[in-house]
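Here is the structure we will look at, set down as structure tokens.
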Amino acid sequence: MPYQPNKIEPKWQKIWAKNNYKSWHTKDKPNKKHIYILDMFPYPSGEGLHVGHIEGYTASDILSRYYRMKGFQVLHPMGWDAFGLPAENYAIKTKKNPKEVVAKNIKNFRKQLQGVGFSYDWQREINTTDPNYYKWTQWIFLQLYKKGLAYEEEVPVNWCPSCKTVLADEEVVDGKCDRCGSVVKRKKLRQWVLKITAMADRLLKDLDLLDWPARVKTMQKNWIGRSEGVEVEFKVAGQNDYINVFTTRVDTIFGVTYLVLAPEHPLAKKILQENYQEDAIEYIEKALQKSDFERQFSVKEKTGVFTGAYAINPANRERIPIWISDYVLISYGTGAVMGVPAHDERDLEFAEKFHLTIKEVISSDGKVINSGPFDGLPYKKAQEKIALYVGGKKVVRYKLRDWIFSRQRYWGEPIPIIKCEKCGLVPLRESQLPLKLPEIKKYEPTGKNESPLADISSWVNVKCPKCKGPAKREVNTMPQWAGSSWYYLRYLDPKNKKKLIDLKKEKAWMPVNIYIGGVEHAVLHLLYARFWHKFLYDIGVVSTLEPFSRLINQGIILGEDGEKMSKSRGNVISPDTVIKKYGADSLRMYEMFMGPLSFSKPWNTKGVIGIYRFLSRVWSLIAENNDKLKENDALKMTVEAKRKIKENIQGLEKIRHKTIKKVTEDIENLRFNTAISALMEYLNELYQIPLDKVNKKHKETLVLLLFPFAPHLAEELWQTALKHRKSVEFEKWPVFKNELLEEKFYTLVVQVNSKVRDKIKAKKGINEAEAKKLAKDSSQVKKYLSKQKIKKVVFVKDRIINFVT
RNA sequence: GCCCAGGUGGCGGAAUUGGUAUACGCAAAGGACUUAAAAUCCUUGGCUUUUCGAAGCUUGUGGGUUCGAGUCCCACCCUGGGCACCA
């Protein structure tokens with residue numbers, strides 16, 4: 001019988017289901033070595049799993065199965081991140097209920113994941129849209145509110161005209177909506193905001209504790225954007241106003257020749273002098289209409305307008321003009337900048353365009369000049385002294401903005417706040433959670449800066465819990481990132497009705513040891529989750545500073561044309577089709593064999609066939625009777641051939657240990673591609689001798705090593721062909737003996753003038769003299785050495801000998 | 001513009017960290033089995049020259065260090081990713 005994955009795989013999946021996936025269940029409190037291996041949970045879209053999901057999930061499944069065989073308790077859960085726009089938009093399009101759409105998609109996703117043979121602890125499955133889950137998302141919000149970390153404020157926001165909702169800064173990429181690609185508009189709206197900036201310093205510092213890809217750390221660092229500087233006040237000449245300026249280079253303050261205000265700056269209009277009013281106000285109005293996208297990307301030349309007003313430089317009492325320009329951002333620093341054209345590129349550009357004075361205050365060797373009492377000091381040293389001299393205040397500024405947290409959409413967690421005209425904002429009591437999302441007929445976003453919930457008067461209008469007077473619920477919902485900011489905790493205690501998580505369980509399992517997922521969440525999910533985790537730490541819900549110790553980003557799988565997979569290109573590979581044709585084991589293994597996990601690599605269907613052939617050969621070796629081979633070999637075998645086989649059989653034990661070592665080390669270092677090639681080499685070696693002469697030990701080793709990669713085939717071979725009564729799950733991972741790996745001989749490479757001239761089999765550990773003798777006996781080497789005088793011999797033990805002439 | 005990562009056969013990629021470059025797989029060529037095809041199995045294996053013994057060249061390009069460089073150093077070119085008026 002040939003290898004038939006379509007029979008084997010459903011058979012085992014049924015058995016696993018029938019046992020309720022019990023062997024993958026984990027105890028709440030591990031009593032031995034344990035490891036938490038986590039996947040980024042999927043958004044259950046209508047399209048189902050794609051090959052990219054499978055890449056990361058296979059990697060984590062291999063690790064999970066491996067560590068179980070190593071005797072670890074492995075926590076490997078799965079769930080659904082199901083709130084958010086795609087489900088809602090799809091529901092609107094097809095006139096269905098998002099809840100039903102999500103339920104259907106989840107069912108499909110679960111079935112697909114089980115069809116690939118992933119060993120999740122399904123007892124712990126979670127769903128962010130389940131009221132029993134989002135009760136705790138709302139609970140966290142209430143705690144944030146109580147601690148003053150959630151507040152409502154009128155703020156300039158990013159508005160996506162197509163999704164008809166506000167977006168967080170992190171959701172805007174190149175001025176466009178991360179979801180739909182529409183150009184984002186600026187609006188001022190009253191919104192819920194989370195004070196992530198309160199954690200900026202800790203979010204930055206604690207990156208040092210993490211074993212994460214350097215580029216993800218860098219991205220977070222850049223996003224947080226810490227800079228130390230000084231705030232200095234400039235008096236407006238002839239007025240009682242002061243302009244506060246933030247600078248990181250206070251040492252250049254003697255070089256300030258003008259000030260610039262952002263158009264939004266509160267003093268911009270106030271200080272305008274006669275004759276300058278008209279132009280300046282026109283400039284300000286124009287700038288305010290422009291989106292940030294326009295201000296940053298389409299403007300090539302600096303623009304600006306003079307206010308007619310002057311300020312006094314506190315360093316040297318000089319009168320300097322005050323300008324307004326949109327190159328100064330209101331959202332960073334103080335919204336006002338001191339212009340030092342001699343030492344800042346942007347200021348130089350501005351000064352040149354408007355013919356402003358350029359005054360050098362730092363010499364080319366880094367010393368302060370033209371700065372009165374500070375001349376001659378190295379600029380670094382001067383900073384502190386000059387700051388003191390001008391009355392500057394040391395401050396730390398961040399690029400990071402607070403997290404705009406409300407969305408004008410239906411499909412999200414309701415914000416548990418009531419608005420009373422008398423009492424103001426009144427949070428729900430914890431006992432009133434979950435505040436359930438009401439059933440509703442129309443989900444379309446209203447576009448009126450409110451979610452469609454606003455139209456359900458029976459839900460919106462409530463009595464104020466404090467004064468019992470008429471009040472209204474907050475109608476906006478939370479962003480998609482809310483539920484995913486803490487889900488990894490709920491897996492540990494998914495059914496707890498009293499608490500978000502039992503602290504003992506948290507202590508037992510956290511932090512996540514290995515977290516695998518795409519790099520696209522570098523500054524979204526991963527930053528938000530770290531923020532919430534730190535908050536939960538502060539209020540005593542968790543005991544760990546950071547949620548994810550080690551992060552691994554899998555690369556993108558490209559289409560066969562080397563381009564990104566997309567429906568419009570028609571190069572999308574469907575995992576279902578591949579499974580149907582070659583089986584889930586081949587799919588899993590191929591995706592691991594393509595190359596290093598973190599690389600982006602193109603799909604190649606022919607490569608799947610290669611893996612399929614390999615698995616078929618494993619099958620033939622172990623499950624089939626190779627009568628044909630037996631006959632052929634037995635009859636024709638010469639004495640020489642028999643001797644060779646015997647030698648091979650002896651050599652195989654060494655190869656077995658070598659393979660165990662290689663596969664073990666490669667799995668632990670997530671080098672699955674080379675682990676698989678080691679398995680292939682092992683199988684190729686076994687095929688060097690008649691198959692009926694292959695010892696059972698080799699077959700068993702092969703199956704055990706193969707199990708994490710191809711669990712269905714391994715299970716079938718283990719129980720059916722090799723006649724074991726228990727699952728491979730319960731077997732121990734094979735061990736290798738280092739002493740068996742030691743070779744007696746090695747290939748001595750003989751070089752003449754660094755060119756390889758011969759390779760000689762030599763005993764390990766021989767010294768230079770012995771090696772020299774061996775090498776000189778070689779006719780090949782003699783040829784090259786006959787006339788030359790040897791000037792030098794380089795000998796590396798157990799490796800090479802090099803004659804230099 | 002700035003900051004990372006990376007350039008190895010026709011392709012995906014290996015290479016014990018300075019010591020046999022191209023493991024493993026795909027594709028290709030030749031052969032066996034077959035009426036035939038598919039499947040399977042065996043053999044070949046970078047490029048150039050060749051008297052078939054072999055000789056020379058080869059890890060993006062050009063230099064350097066070294067007995068020896070894919071690996072280390074310098075300069076440049078290209079690809080991918082991130083940041084982008086953050087004062």
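Convention: chains lettered A, B, ... in structure tokens order; per-chain residue numbering from 1; ligands numbered from 1 as shown.
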
(message) Could you tell me which residues of chain B sit within 9 Å of chain A when counting only C-alpha atoms (C1' of nucleotides), and give me the result as number ranges by chain?
(response) B: 4-5, 12-14, 19-20, 23-27, 67-68, 82-83, 85-87

Residues from the last selection, N, CA and C atoms (P, O5', C5', C4', C3', O3' and C1' of nucleotides), saved as a compact mmCIF listing (two decimals), in the first residue's frame:
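Written output follows (out.txt):
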# COMPACT_ATOMS: atom_id res chain seq x y z
P C B 4 23.16 51.29 11.45
O5' C B 4 22.29 50.05 11.91
C5' C B 4 22.08 49.00 11.04
C4' C B 4 20.80 48.27 11.37
C3' C B 4 20.76 46.91 10.70
O3' C B 4 21.30 45.93 11.56
C1' C B 4 18.88 48.15 10.02
P A B 5 22.52 45.02 10.97
O5' A B 5 21.73 44.02 10.00
C5' A B 5 20.66 43.23 10.53
C4' A B 5 19.86 42.64 9.40
C3' A B 5 20.66 41.92 8.33
O3' A B 5 21.05 40.62 8.72
C1' A B 5 19.05 43.31 7.31
P G B 12 16.60 31.92 -5.52
O5' G B 12 15.95 30.91 -4.48
C5' G B 12 14.56 30.97 -4.20
C4' G B 12 14.23 30.00 -3.10
C3' G B 12 15.13 30.08 -1.88
O3' G B 12 14.76 31.15 -1.04
C1' G B 12 14.85 27.82 -2.49
P G B 13 15.83 31.83 -0.08
O5' G B 13 16.19 30.61 0.88
C5' G B 13 17.47 30.48 1.48
C4' G B 13 17.72 29.02 1.70
C3' G B 13 19.02 28.70 2.40
O3' G B 13 18.73 28.59 3.79
C1' G B 13 18.94 27.53 0.35
P A B 14 19.83 28.80 4.86
O5' A B 14 20.46 27.35 4.88
C5' A B 14 21.78 27.21 4.51
C4' A B 14 22.20 25.82 4.76
C3' A B 14 23.54 25.78 5.48
O3' A B 14 23.34 25.59 6.86
C1' A B 14 23.73 24.72 3.38
P G B 19 36.60 28.22 9.40
O5' G B 19 37.36 27.21 8.45
C5' G B 19 37.52 27.55 7.07
C4' G B 19 38.38 26.53 6.40
C3' G B 19 38.13 25.10 6.86
O3' G B 19 38.27 24.25 5.74
C1' G B 19 40.38 25.67 7.26
P U B 20 36.98 24.00 4.80
O5' U B 20 37.59 22.86 3.91
C5' U B 20 38.70 23.13 3.04
C4' U B 20 38.50 22.35 1.78
C3' U B 20 37.19 22.65 1.06
O3' U B 20 37.41 22.62 -0.34
C1' U B 20 37.29 20.37 1.59
P A B 23 25.78 20.32 -2.92
O5' A B 23 25.39 19.40 -1.68
C5' A B 23 26.40 18.77 -0.91
C4' A B 23 25.93 18.60 0.50
C3' A B 23 24.50 18.08 0.67
O3' A B 23 24.44 16.67 0.57
C1' A B 23 24.84 19.94 2.09
P C B 24 23.36 15.97 -0.35
O5' C B 24 21.99 16.54 0.20
C5' C B 24 21.43 16.06 1.42
C4' C B 24 20.14 16.79 1.70
C3' C B 24 19.17 16.87 0.53
O3' C B 24 18.42 15.68 0.38
C1' C B 24 19.38 19.01 1.47
P G B 25 18.02 15.18 -1.05
O5' G B 25 17.00 16.30 -1.53
C5' G B 25 15.70 16.36 -0.96
C4' G B 25 15.00 17.62 -1.39
C3' G B 25 14.76 17.81 -2.88
O3' G B 25 13.71 17.00 -3.36
C1' G B 25 15.50 19.84 -1.94
P C B 26 13.68 16.59 -4.89
O5' C B 26 13.37 17.97 -5.62
C5' C B 26 12.11 18.60 -5.46
C4' C B 26 12.10 19.93 -6.16
C3' C B 26 12.31 19.87 -7.66
O3' C B 26 11.13 19.48 -8.34
C1' C B 26 13.61 21.60 -6.77
P A B 27 11.25 18.55 -9.61
O5' A B 27 11.98 19.49 -10.67
C5' A B 27 11.30 20.60 -11.25
C4' A B 27 12.26 21.43 -12.07
C3' A B 27 13.00 20.68 -13.17
O3' A B 27 12.22 20.54 -14.34
C1' A B 27 14.55 21.93 -11.93
P C B 67 51.05 34.97 6.63
O5' C B 67 50.60 33.81 5.64
C5' C B 67 51.48 33.36 4.60
C4' C B 67 50.91 32.11 3.99
C3' C B 67 49.44 32.18 3.64
O3' C B 67 49.23 32.81 2.37
C1' C B 67 49.84 30.18 4.80
P G B 68 48.06 33.82 2.23
O5' G B 68 46.78 32.91 2.44
C5' G B 68 46.43 31.95 1.44
C4' G B 68 45.28 31.10 1.91
C3' G B 68 44.01 31.87 2.27
O3' G B 68 43.27 32.18 1.11
C1' G B 68 44.47 30.28 3.94
P G B 82 8.29 48.65 5.74
O5' G B 82 9.08 49.37 6.93
C5' G B 82 8.93 48.89 8.26
C4' G B 82 9.90 49.58 9.16
C3' G B 82 9.75 51.10 9.25
O3' G B 82 8.71 51.46 10.14
C1' G B 82 12.02 50.59 8.93
P C B 83 7.83 52.75 9.80
O5' C B 83 8.85 53.94 10.08
C5' C B 83 9.29 54.19 11.41
C4' C B 83 10.36 55.25 11.40
C3' C B 83 9.97 56.58 10.80
O3' C B 83 9.16 57.35 11.66
C1' C B 83 12.09 55.98 10.00
P C B 85 8.45 64.12 8.90
O5' C B 85 9.01 65.20 9.96
C5' C B 85 10.38 65.11 10.29
C4' C B 85 11.04 66.45 9.95
C3' C B 85 10.87 67.42 11.10
O3' C B 85 12.14 67.87 11.48
C1' C B 85 10.37 68.42 9.01
P C B 86 13.08 66.85 12.33
O5' C B 86 12.24 66.58 13.66
C5' C B 86 12.20 67.53 14.72
C4' C B 86 11.95 66.78 16.01
C3' C B 86 12.71 65.45 16.06
O3' C B 86 13.71 65.38 17.05
C1' C B 86 10.33 65.11 16.33
P A B 87 14.17 65.80 18.19
O5' A B 87 14.71 67.22 17.75
C5' A B 87 14.82 68.21 18.73
C4' A B 87 15.08 69.52 18.07
C3' A B 87 14.69 70.70 18.95
O3' A B 87 15.75 71.07 19.81
C1' A B 87 13.72 70.96 16.82

(message) DSSP on the backbone, alpha helix (DSSP H) only: what residues of stretch 332-424 of chain A does that give? Format it as an NGL selection string.
(response) :A and (345-353 or 379-389)

Distance query stretch 38-41 of chain B at most 12 Å, only C-alpha atoms (C1' of nucleotides), self and fewer than 5 positions along chain excluded, as a PDB file with N, CA and C atoms (P, O5', C5', C4', C3', O3' and C1' of nucleotides), in the first residue's frame:
ATOM      1  N   PRO A   2       0.648   2.150  -0.949  1.00  0.00           N
ATOM      2  CA  PRO A   2       1.472   3.371  -0.976  1.00  0.00           C
ATOM      3  C   PRO A   2       1.058   4.343   0.123  1.00  0.00           C
ATOM      4  N   ARG A 613       7.645  13.276  -1.650  1.00  0.00           N
ATOM      5  CA  ARG A 613       8.467  12.117  -2.024  1.00  0.00           C
ATOM      6  C   ARG A 613       9.249  11.605  -0.822  1.00  0.00           C
ATOM      7  N   SER A 616       6.943   9.757   1.403  1.00  0.00           N
ATOM      8  CA  SER A 616       6.592   8.479   0.778  1.00  0.00           C
ATOM      9  C   SER A 616       7.703   7.456   0.976  1.00  0.00           C
ATOM     10  N   ARG A 617       8.941   7.953   0.879  1.00  0.00           N
ATOM     11  CA  ARG A 617      10.073   7.038   1.057  1.00  0.00           C
ATOM     12  C   ARG A 617      10.173   6.568   2.510  1.00  0.00           C
ATOM     13  N   SER A 620       7.581   3.884   2.665  1.00  0.00           N
ATOM     14  CA  SER A 620       8.016   2.623   2.041  1.00  0.00           C
ATOM     15  C   SER A 620       8.967   1.873   2.946  1.00  0.00           C
ATOM     16  N   LYS A 628      10.373  -6.865  -3.648  1.00  0.00           N
ATOM     17  CA  LYS A 628      11.106  -6.739  -4.894  1.00  0.00           C
ATOM     18  C   LYS A 628      12.582  -6.492  -4.614  1.00  0.00           C
ATOM     19  N   LEU A 629      12.817  -5.557  -3.742  1.00  0.00           N
ATOM     20  CA  LEU A 629      14.190  -5.212  -3.418  1.00  0.00           C
ATOM     21  C   LEU A 629      14.926  -6.408  -2.845  1.00  0.00           C
ATOM     22  N   TYR A 687      18.656   4.053   2.957  1.00  0.00           N
ATOM     23  CA  TYR A 687      18.361   3.483   1.642  1.00  0.00           C
ATOM     24  C   TYR A 687      19.606   2.905   0.969  1.00  0.00           C
TER      25      TYR A 687
ATOM     26  P     G B  31      18.886   7.628 -22.831  1.00  0.00           P
ATOM     27  O5'   G B  31      18.992   6.542 -21.675  1.00  0.00           O
ATOM     28  C5'   G B  31      20.014   5.541 -21.722  1.00  0.00           C
ATOM     29  C4'   G B  31      20.113   4.824 -20.403  1.00  0.00           C
ATOM     30  C3'   G B  31      18.958   3.895 -20.046  1.00  0.00           C
ATOM     31  O3'   G B  31      19.011   2.661 -20.746  1.00  0.00           O
ATOM     32  C1'   G B  31      19.585   5.156 -18.132  1.00  0.00           C
ATOM     33  P     A B  32      17.652   1.832 -20.999  1.00  0.00           P
ATOM     34  O5'   A B  32      17.315   1.284 -19.542  1.00  0.00           O
ATOM     35  C5'   A B  32      18.117   0.267 -18.959  1.00  0.00           C
ATOM     36  C4'   A B  32      17.541  -0.142 -17.617  1.00  0.00           C
ATOM     37  C3'   A B  32      16.110  -0.645 -17.660  1.00  0.00           C
ATOM     38  O3'   A B  32      16.053  -2.010 -18.030  1.00  0.00           O
ATOM     39  C1'   A B  32      16.344   0.918 -15.904  1.00  0.00           C
ATOM     40  P     C B  33      14.862  -2.523 -18.961  1.00  0.00           P
ATOM     41  O5'   C B  33      13.607  -2.459 -17.997  1.00  0.00           O
ATOM     42  C5'   C B  33      13.510  -3.313 -16.857  1.00  0.00           C
ATOM     43  C4'   C B  33      12.308  -2.928 -16.027  1.00  0.00           C
ATOM     44  C3'   C B  33      10.995  -2.857 -16.783  1.00  0.00           C
ATOM     45  O3'   C B  33      10.400  -4.138 -16.918  1.00  0.00           O
ATOM     46  C1'   C B  33      11.229  -0.923 -15.430  1.00  0.00           C
TER      47        C B  33
END

(message) Ranking B:A21, B:C2, B:C42, B:A55 by minimum distance to B:A69 and counting only C-alpha atoms (C1' of nucleotides), which one comes first?
(response) B:A21

Picked from stretch 51-177 of chain A by DSSP as strand (DSSP E or B), as a PDB file with N, CA and C atoms, in the first residue's frame:
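Result file is result.pdb:
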ATOM      1  N   GLN A  73       5.794  20.448  30.528  1.00  0.00           N
ATOM      2  CA  GLN A  73       4.386  20.787  30.397  1.00  0.00           C
ATOM      3  C   GLN A  73       4.316  21.990  29.479  1.00  0.00           C
ATOM      4  N   VAL A  74       3.560  21.839  28.424  1.00  0.00           N
ATOM      5  CA  VAL A  74       3.546  22.850  27.379  1.00  0.00           C
ATOM      6  C   VAL A  74       2.179  23.516  27.321  1.00  0.00           C
ATOM      7  N   LEU A  75       2.179  24.821  27.442  1.00  0.00           N
ATOM      8  CA  LEU A  75       0.941  25.568  27.264  1.00  0.00           C
ATOM      9  C   LEU A  75       0.937  26.121  25.850  1.00  0.00           C
ATOM     10  N   GLY A  79      -7.008  31.057  20.082  1.00  0.00           N
ATOM     11  CA  GLY A  79      -8.265  31.791  20.246  1.00  0.00           C
ATOM     12  C   GLY A  79      -8.521  32.705  19.067  1.00  0.00           C
ATOM     13  N   TRP A  80      -9.468  33.593  19.244  1.00  0.00           N
ATOM     14  CA  TRP A  80      -9.934  34.403  18.100  1.00  0.00           C
ATOM     15  C   TRP A  80     -10.009  35.870  18.448  1.00  0.00           C
ATOM     16  N   ILE A 126     -10.328  30.985  23.496  1.00  0.00           N
ATOM     17  CA  ILE A 126     -11.006  32.228  23.870  1.00  0.00           C
ATOM     18  C   ILE A 126     -11.466  32.983  22.625  1.00  0.00           C
ATOM     19  N   ASN A 127     -12.385  33.924  22.838  1.00  0.00           N
ATOM     20  CA  ASN A 127     -12.951  34.693  21.740  1.00  0.00           C
ATOM     21  C   ASN A 127     -13.196  36.101  22.281  1.00  0.00           C
ATOM     22  N   ALA A 150      -7.305  56.752  31.622  1.00  0.00           N
ATOM     23  CA  ALA A 150      -8.260  56.862  30.521  1.00  0.00           C
ATOM     24  C   ALA A 150      -9.006  58.165  30.734  1.00  0.00           C
ATOM     25  N   TYR A 151      -8.983  59.026  29.739  1.00  0.00           N
ATOM     26  CA  TYR A 151      -9.651  60.312  29.896  1.00  0.00           C
ATOM     27  C   TYR A 151     -10.286  60.717  28.578  1.00  0.00           C
ATOM     28  N   GLU A 152     -11.269  61.612  28.685  1.00  0.00           N
ATOM     29  CA  GLU A 152     -11.924  62.068  27.472  1.00  0.00           C
ATOM     30  C   GLU A 152     -11.471  63.488  27.192  1.00  0.00           C
ATOM     31  N   GLU A 153     -11.165  63.748  25.936  1.00  0.00           N
ATOM     32  CA  GLU A 153     -10.657  65.072  25.624  1.00  0.00           C
ATOM     33  C   GLU A 153     -10.917  65.404  24.174  1.00  0.00           C
ATOM     34  N   GLU A 154     -11.059  66.693  23.924  1.00  0.00           N
ATOM     35  CA  GLU A 154     -11.166  67.136  22.540  1.00  0.00           C
ATOM     36  C   GLU A 154      -9.754  67.187  21.968  1.00  0.00           C
ATOM     37  N   VAL A 155      -9.508  66.325  21.001  1.00  0.00           N
ATOM     38  CA  VAL A 155      -8.149  66.229  20.455  1.00  0.00           C
ATOM     39  C   VAL A 155      -8.199  66.192  18.940  1.00  0.00           C
ATOM     40  N   PRO A 156      -7.121  66.648  18.300  1.00  0.00           N
ATOM     41  CA  PRO A 156      -7.065  66.460  16.851  1.00  0.00           C
ATOM     42  C   PRO A 156      -6.869  64.976  16.572  1.00  0.00           C
ATOM     43  N   VAL A 157      -7.707  64.410  15.728  1.00  0.00           N
ATOM     44  CA  VAL A 157      -7.638  62.969  15.503  1.00  0.00           C
ATOM     45  C   VAL A 157      -7.474  62.667  14.020  1.00  0.00           C
ATOM     46  N   ASN A 158      -7.097  61.422  13.763  1.00  0.00           N
ATOM     47  CA  ASN A 158      -7.042  60.925  12.391  1.00  0.00           C
ATOM     48  C   ASN A 158      -8.410  60.359  12.069  1.00  0.00           C
ATOM     49  N   TRP A 159      -9.025  60.842  11.006  1.00  0.00           N
ATOM     50  CA  TRP A 159     -10.358  60.371  10.643  1.00  0.00           C
ATOM     51  C   TRP A 159     -10.279  59.689   9.298  1.00  0.00           C
ATOM     52  N   CYS A 160     -10.725  58.411   9.271  1.00  0.00           N
ATOM     53  CA  CYS A 160     -10.754  57.720   7.982  1.00  0.00           C
ATOM     54  C   CYS A 160     -12.129  57.928   7.363  1.00  0.00           C
ATOM     55  N   THR A 165     -14.407  56.330  10.888  1.00  0.00           N
ATOM     56  CA  THR A 165     -14.037  56.232  12.293  1.00  0.00           C
ATOM     57  C   THR A 165     -12.703  56.913  12.537  1.00  0.00           C
ATOM     58  N   VAL A 166     -12.450  57.169  13.793  1.00  0.00           N
ATOM     59  CA  VAL A 166     -11.179  57.700  14.243  1.00  0.00           C
ATOM     60  C   VAL A 166     -10.149  56.575  14.267  1.00  0.00           C
ATOM     61  N   LEU A 167      -8.901  56.904  14.020  1.00  0.00           N
ATOM     62  CA  LEU A 167      -7.840  55.904  14.068  1.00  0.00           C
ATOM     63  C   LEU A 167      -6.748  56.361  15.036  1.00  0.00           C
ATOM     64  N   VAL A 172      -2.151  54.640  11.326  1.00  0.00           N
ATOM     65  CA  VAL A 172      -1.985  55.481  10.142  1.00  0.00           C
ATOM     66  C   VAL A 172      -0.596  55.231   9.575  1.00  0.00           C
ATOM     67  N   VAL A 173      -0.542  54.765   8.323  1.00  0.00           N
ATOM     68  CA  VAL A 173       0.737  54.477   7.701  1.00  0.00           C
ATOM     69  C   VAL A 173       0.873  55.366   6.467  1.00  0.00           C
ATOM     70  N   LYS A 176      -2.059  57.258   5.534  1.00  0.00           N
ATOM     71  CA  LYS A 176      -3.221  56.525   5.048  1.00  0.00           C
ATOM     72  C   LYS A 176      -3.725  55.525   6.083  1.00  0.00           C
ATOM     73  N   CYS A 177      -5.009  55.202   5.984  1.00  0.00           N
ATOM     74  CA  CYS A 177      -5.632  54.226   6.875  1.00  0.00           C
ATOM     75  C   CYS A 177      -4.999  52.860   6.662  1.00  0.00           C
TER      76      CYS A 177
END

(message) Quick check, in Å to one decimal: how far apart do atom CA of A:Lys185 and atom CA of A:Cys163 lie?
(response)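 Calculated distance between atom CA of A:Lys185 and atom CA of A:Cys163 is 11.7 Å.
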
Please identify all polymer residues within 9 Å of B:U59, counting only C-alpha atoms (C1' of nucleotides), omitting same-chain residues fewer than 2 positions from it, and present them as a compact mmCIF listing (two decimals) with all heavy atoms, in the first residue's frame.
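This is the output file part02.txt:
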# COMPACT_ATOMS: atom_id res chain seq x y z
P U B 8 22.83 35.63 -3.93
OP1 U B 8 22.70 35.59 -5.42
OP2 U B 8 21.76 35.12 -3.07
O5' U B 8 24.17 34.89 -3.53
C5' U B 8 25.32 34.99 -4.36
C4' U B 8 26.20 33.80 -4.17
O4' U B 8 26.26 33.44 -2.77
C3' U B 8 25.70 32.52 -4.84
O3' U B 8 26.09 32.49 -6.20
C2' U B 8 26.43 31.44 -4.04
O2' U B 8 27.76 31.31 -4.47
C1' U B 8 26.42 32.04 -2.63
N1 U B 8 25.35 31.52 -1.78
C2 U B 8 25.53 30.25 -1.22
O2 U B 8 26.53 29.58 -1.43
N3 U B 8 24.52 29.81 -0.42
C4 U B 8 23.36 30.48 -0.12
O4 U B 8 22.54 29.95 0.62
C5 U B 8 23.23 31.78 -0.73
C6 U B 8 24.20 32.23 -1.52
P A B 21 37.62 24.00 -1.06
OP1 A B 21 37.86 23.59 -2.47
OP2 A B 21 38.59 24.84 -0.33
O5' A B 21 36.23 24.73 -0.95
C5' A B 21 35.13 24.18 -1.62
C4' A B 21 33.87 24.54 -0.88
O4' A B 21 33.71 25.98 -0.86
C3' A B 21 32.62 24.01 -1.56
O3' A B 21 32.34 22.71 -1.11
C2' A B 21 31.56 25.00 -1.09
O2' A B 21 31.13 24.74 0.22
C1' A B 21 32.36 26.32 -1.08
N9 A B 21 32.29 27.08 -2.32
C8 A B 21 33.30 27.34 -3.22
N7 A B 21 32.93 28.08 -4.23
C5 A B 21 31.60 28.34 -3.99
C6 A B 21 30.63 29.08 -4.70
N6 A B 21 30.89 29.74 -5.82
N1 A B 21 29.39 29.12 -4.18
C2 A B 21 29.13 28.47 -3.05
N3 A B 21 29.96 27.75 -2.30
C4 A B 21 31.18 27.72 -2.82
P U B 22 31.60 21.64 -2.02
OP1 U B 22 31.40 20.41 -1.23
OP2 U B 22 32.31 21.59 -3.31
O5' U B 22 30.19 22.31 -2.27
C5' U B 22 29.22 22.39 -1.22
C4' U B 22 28.04 23.16 -1.73
O4' U B 22 28.51 24.38 -2.33
C3' U B 22 27.27 22.44 -2.83
O3' U B 22 26.26 21.66 -2.23
C2' U B 22 26.71 23.58 -3.67
O2' U B 22 25.40 23.92 -3.26
C1' U B 22 27.62 24.77 -3.35
N1 U B 22 28.39 25.27 -4.50
C2 U B 22 27.81 26.27 -5.27
O2 U B 22 26.72 26.73 -5.02
N3 U B 22 28.57 26.70 -6.33
C4 U B 22 29.81 26.24 -6.68
O4 U B 22 30.37 26.73 -7.65
C5 U B 22 30.34 25.20 -5.84
C6 U B 22 29.62 24.76 -4.81
P G B 70 36.41 32.51 0.21
OP1 G B 70 36.66 31.18 0.76
OP2 G B 70 36.85 32.82 -1.19
O5' G B 70 34.86 32.86 0.29
C5' G B 70 34.37 34.07 -0.28
C4' G B 70 33.04 34.42 0.34
O4' G B 70 32.26 33.21 0.46
C3' G B 70 33.13 34.95 1.77
O3' G B 70 33.32 36.35 1.75
C2' G B 70 31.77 34.59 2.34
O2' G B 70 30.78 35.51 1.94
C1' G B 70 31.48 33.25 1.64
N9 G B 70 31.85 32.10 2.48
C8 G B 70 32.94 31.29 2.36
N7 G B 70 32.98 30.35 3.27
C5 G B 70 31.83 30.56 4.03
C6 G B 70 31.32 29.87 5.15
O6 G B 70 31.82 28.88 5.73
N1 G B 70 30.15 30.42 5.61
C2 G B 70 29.52 31.51 5.06
N2 G B 70 28.40 31.90 5.66
N3 G B 70 29.98 32.18 4.01
C4 G B 70 31.12 31.64 3.55

(request) Extract, using only C-alpha atoms (C1' of nucleotides), all DNA, RNA and protein residues at most 6 Å from A:Tyr491, discarding same-chain residues fewer than 3 positions from it, and format them as a ChimeraX atom specification. (result) /A:124,488,494

(message) Calculated over only C-alpha atoms, which of the candidates A:Lys217, A:Lys662, A:Lys737, A:Lys22 has the smallest distance to A:Tyr120?
(response)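 When distances to A:Tyr120 are compared using only C-alpha atoms, the smallest one comes from A:Lys22.
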